[in-house]
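Comments concern the structure below.
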Amino acid sequence: MTTGAGQKSKDTLAEIEVREALDALGLDHYREHRTIALPPWGNRSQRTTPDVLFEDEKIAVFVDGCYWHGCPVCFRDTRTNTAEWRAKRAQNRARDQRHSRALETLGWRILRVWEHQSAAAAAKAVQAMIDVDAGPGTYAVP
Ligand SMILES: [Zn+2]
């Protein structure tokens with residue numbers, strides 16, 4: 001189910017796989033879909049809902065759908081790259097980046113996982129972030 005405007009449904013297959021991979025590593029002390037209030041953007045309030053949240057470690061994990069969030073790997077293909085969809089994805093990516101920056105200012109570490117990436121690799125990236133706190137910032141799955 002999509003609710004429009006780049007909102008993705010909860011519990012996509014990619015999210016479920018990432019959570020299963022986290023569980024497999026014993027990293028099961030997370031919360032799902034917790035909304036965080038962010039500093040206002042201009043005069044608009046904003047909030048974000050990470051797919052997986054480690055509150056004690058202040059790690060927020062987003063599993064971004066390649067289509068809606070404009071994955072640069074999956075959308076090189078010009079046949080699917082119409083101007084309209086390019087603009088839509090650019091808008092979603094800009095919002096994702098804005099939310100990441102806002103979370104950083106609140107002291108969070110953010111891991112952005114693309115849907116096409118390995119769930120096991122994503123879980124290992126979380127483990128590495130728990131093992132070594134490199135400070136607030138936005139991280140990618142290696
Ligand atoms: Zn992708």
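Please note that chains go A, B, ... in the order of the structure tokens, that every chain numbers its residues from 1, and that ligands are numbered from 1 in the order shown.
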- Task: For Ile59 of chain A, list every protein, DNA or RNA residue within 9 Å, evaluated using only C-alpha atoms, and leave out those in the same chain fewer than 4 positions away; present the list as a ChimeraX atom specification.
- Result: /A:52-55,108-111,126,129-130,136
Using only C-alpha atoms and all ligand atoms, find each residue of chain A with at least one atom at most 12 Å away from an atom of ligand 1; report its shortest atom-to-atom pair and that distance in Å (one decimal), sort the rows by chain and rising residue number, and return the result as a tab-separated table.
```
residue	atom	partner	partner_atom_place_in_ligand_line	distance
A:Ala14	CA	ligand 1	1 (Zn)	11.2
A:Val63	CA	ligand 1	1 (Zn)	10.8
A:Asp64	CA	ligand 1	1 (Zn)	8.6
A:Gly65	CA	ligand 1	1 (Zn)	7.3
A:Cys66	CA	ligand 1	1 (Zn)	4.3
A:Tyr67	CA	ligand 1	1 (Zn)	7.4
A:Trp68	CA	ligand 1	1 (Zn)	10.0
A:His69	CA	ligand 1	1 (Zn)	8.9
A:Gly70	CA	ligand 1	1 (Zn)	7.7
A:Cys71	CA	ligand 1	1 (Zn)	4.6
A:Pro72	CA	ligand 1	1 (Zn)	6.7
A:Val73	CA	ligand 1	1 (Zn)	5.2
A:Cys74	CA	ligand 1	1 (Zn)	4.3
A:Phe75	CA	ligand 1	1 (Zn)	7.3
A:Arg76	CA	ligand 1	1 (Zn)	9.8
A:Asp77	CA	ligand 1	1 (Zn)	11.6
A:Arg112	CA	ligand 1	1 (Zn)	11.7
A:Val113	CA	ligand 1	1 (Zn)	9.3
A:Trp114	CA	ligand 1	1 (Zn)	5.6
A:Glu115	CA	ligand 1	1 (Zn)	5.9
A:His116	CA	ligand 1	1 (Zn)	4.7
A:Gln117	CA	ligand 1	1 (Zn)	7.2
A:Ser118	CA	ligand 1	1 (Zn)	10.8
```
Could you save those same residues with C-alpha atoms as a compact mmCIF listing (two decimals), in the first residue's frame?
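File produced: out.txt:
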```
# COMPACT_ATOMS: atom_id res chain seq x y z
CA ALA A 14 13.34 -5.17 2.59
CA VAL A 63 15.39 1.13 4.62
CA ASP A 64 14.78 3.23 1.53
CA GLY A 65 12.83 1.81 -1.38
CA CYS A 66 14.92 2.18 -4.53
CA TYR A 67 12.03 3.48 -6.58
CA TRP A 68 10.53 6.13 -4.33
CA HIS A 69 13.78 7.29 -2.84
CA GLY A 70 15.64 7.49 -6.14
CA CYS A 71 18.41 4.95 -5.74
CA PRO A 72 21.30 6.09 -7.94
CA VAL A 73 22.20 2.50 -8.76
CA CYS A 74 18.75 1.31 -9.76
CA PHE A 75 17.71 4.40 -11.69
CA ARG A 76 20.52 4.91 -14.13
CA ASP A 77 18.30 3.39 -16.77
CA ARG A 112 20.49 4.61 5.12
CA VAL A 113 19.97 1.20 3.58
CA TRP A 114 18.88 0.84 -0.04
CA GLU A 115 16.27 -1.79 -0.70
CA HIS A 116 18.57 -3.59 -3.17
CA GLN A 117 21.38 -3.93 -0.61
CA SER A 118 22.05 -7.06 1.38
```
- Query: What gap, in Å, lies between atom CA of Ala83 of chain A and atom CA of Arg98 of chain A?
  - Reply: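 It comes out at 22.3 Å.
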- Query: What is the distance between atom CA of Thr48 of chain A and atom CA of His99 of chain A, in Å to one decimal?
  - Reply: 6.7 Å
- When distances are computed from only C-alpha atoms, which of A:Ala87, A:Asp23, A:Ile36, A:Gln97 shows the smallest separation from Lys58 of chain A? A:Ile36
- How many Å lie between atom CA of Arg44 of chain A and atom CA of Tyr139 of chain A, rounded to one decimal? 26.1 Å
- Within 7 Å of Thr49 of chain A, counting only C-alpha atoms, which residues show up once you throw out same-chain ones fewer than 2 positions away? Write them as a ChimeraX atom specification, please. /A:33-36,47,51
- Output as a PyMOL selection string all residues of chain A that backbone DSSP marks as helix (DSSP H, G or I). chain A and resi 13-24+66-69+78-80+83-105+119-131
- Message: Using only C-alpha atoms for the distances, tell me which of A:Lys124, A:Arg101, A:Arg93, A:Lys88 is nearest to Leu27 of chain A.
- Response: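 Closest candidate: A:Lys124.
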- In terms of only C-alpha atoms, the residue from A:Asn43, A:Phe62, A:Tyr30, A:Gly137 at minimal distance from Thr12 of chain A is A:Phe62
- Query: Nearest to Gln46 of chain A: which of A:Ala90, A:Ala21, A:Leu103, A:Ala60 is it, counting only C-alpha atoms?
  - Reply: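 Of the candidates, the smallest distance to Gln46 of chain A is held by A:Leu103.
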- Task: Apply DSSP to the structure's backbone, then extract all residues of chain A labelled strand (DSSP E or B) and return them as a PyMOL selection string.
- Result: chain A and resi 31-32+36-41+44-48+52-54+59-64+109-114+137-140
- From the list A:Ala125, A:Thr138, A:Leu13, A:Ala119, which residue is nearest Asp96 of chain A when using only C-alpha atoms?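 Smallest separation from Asp96 of chain A among the options: A:Thr138.
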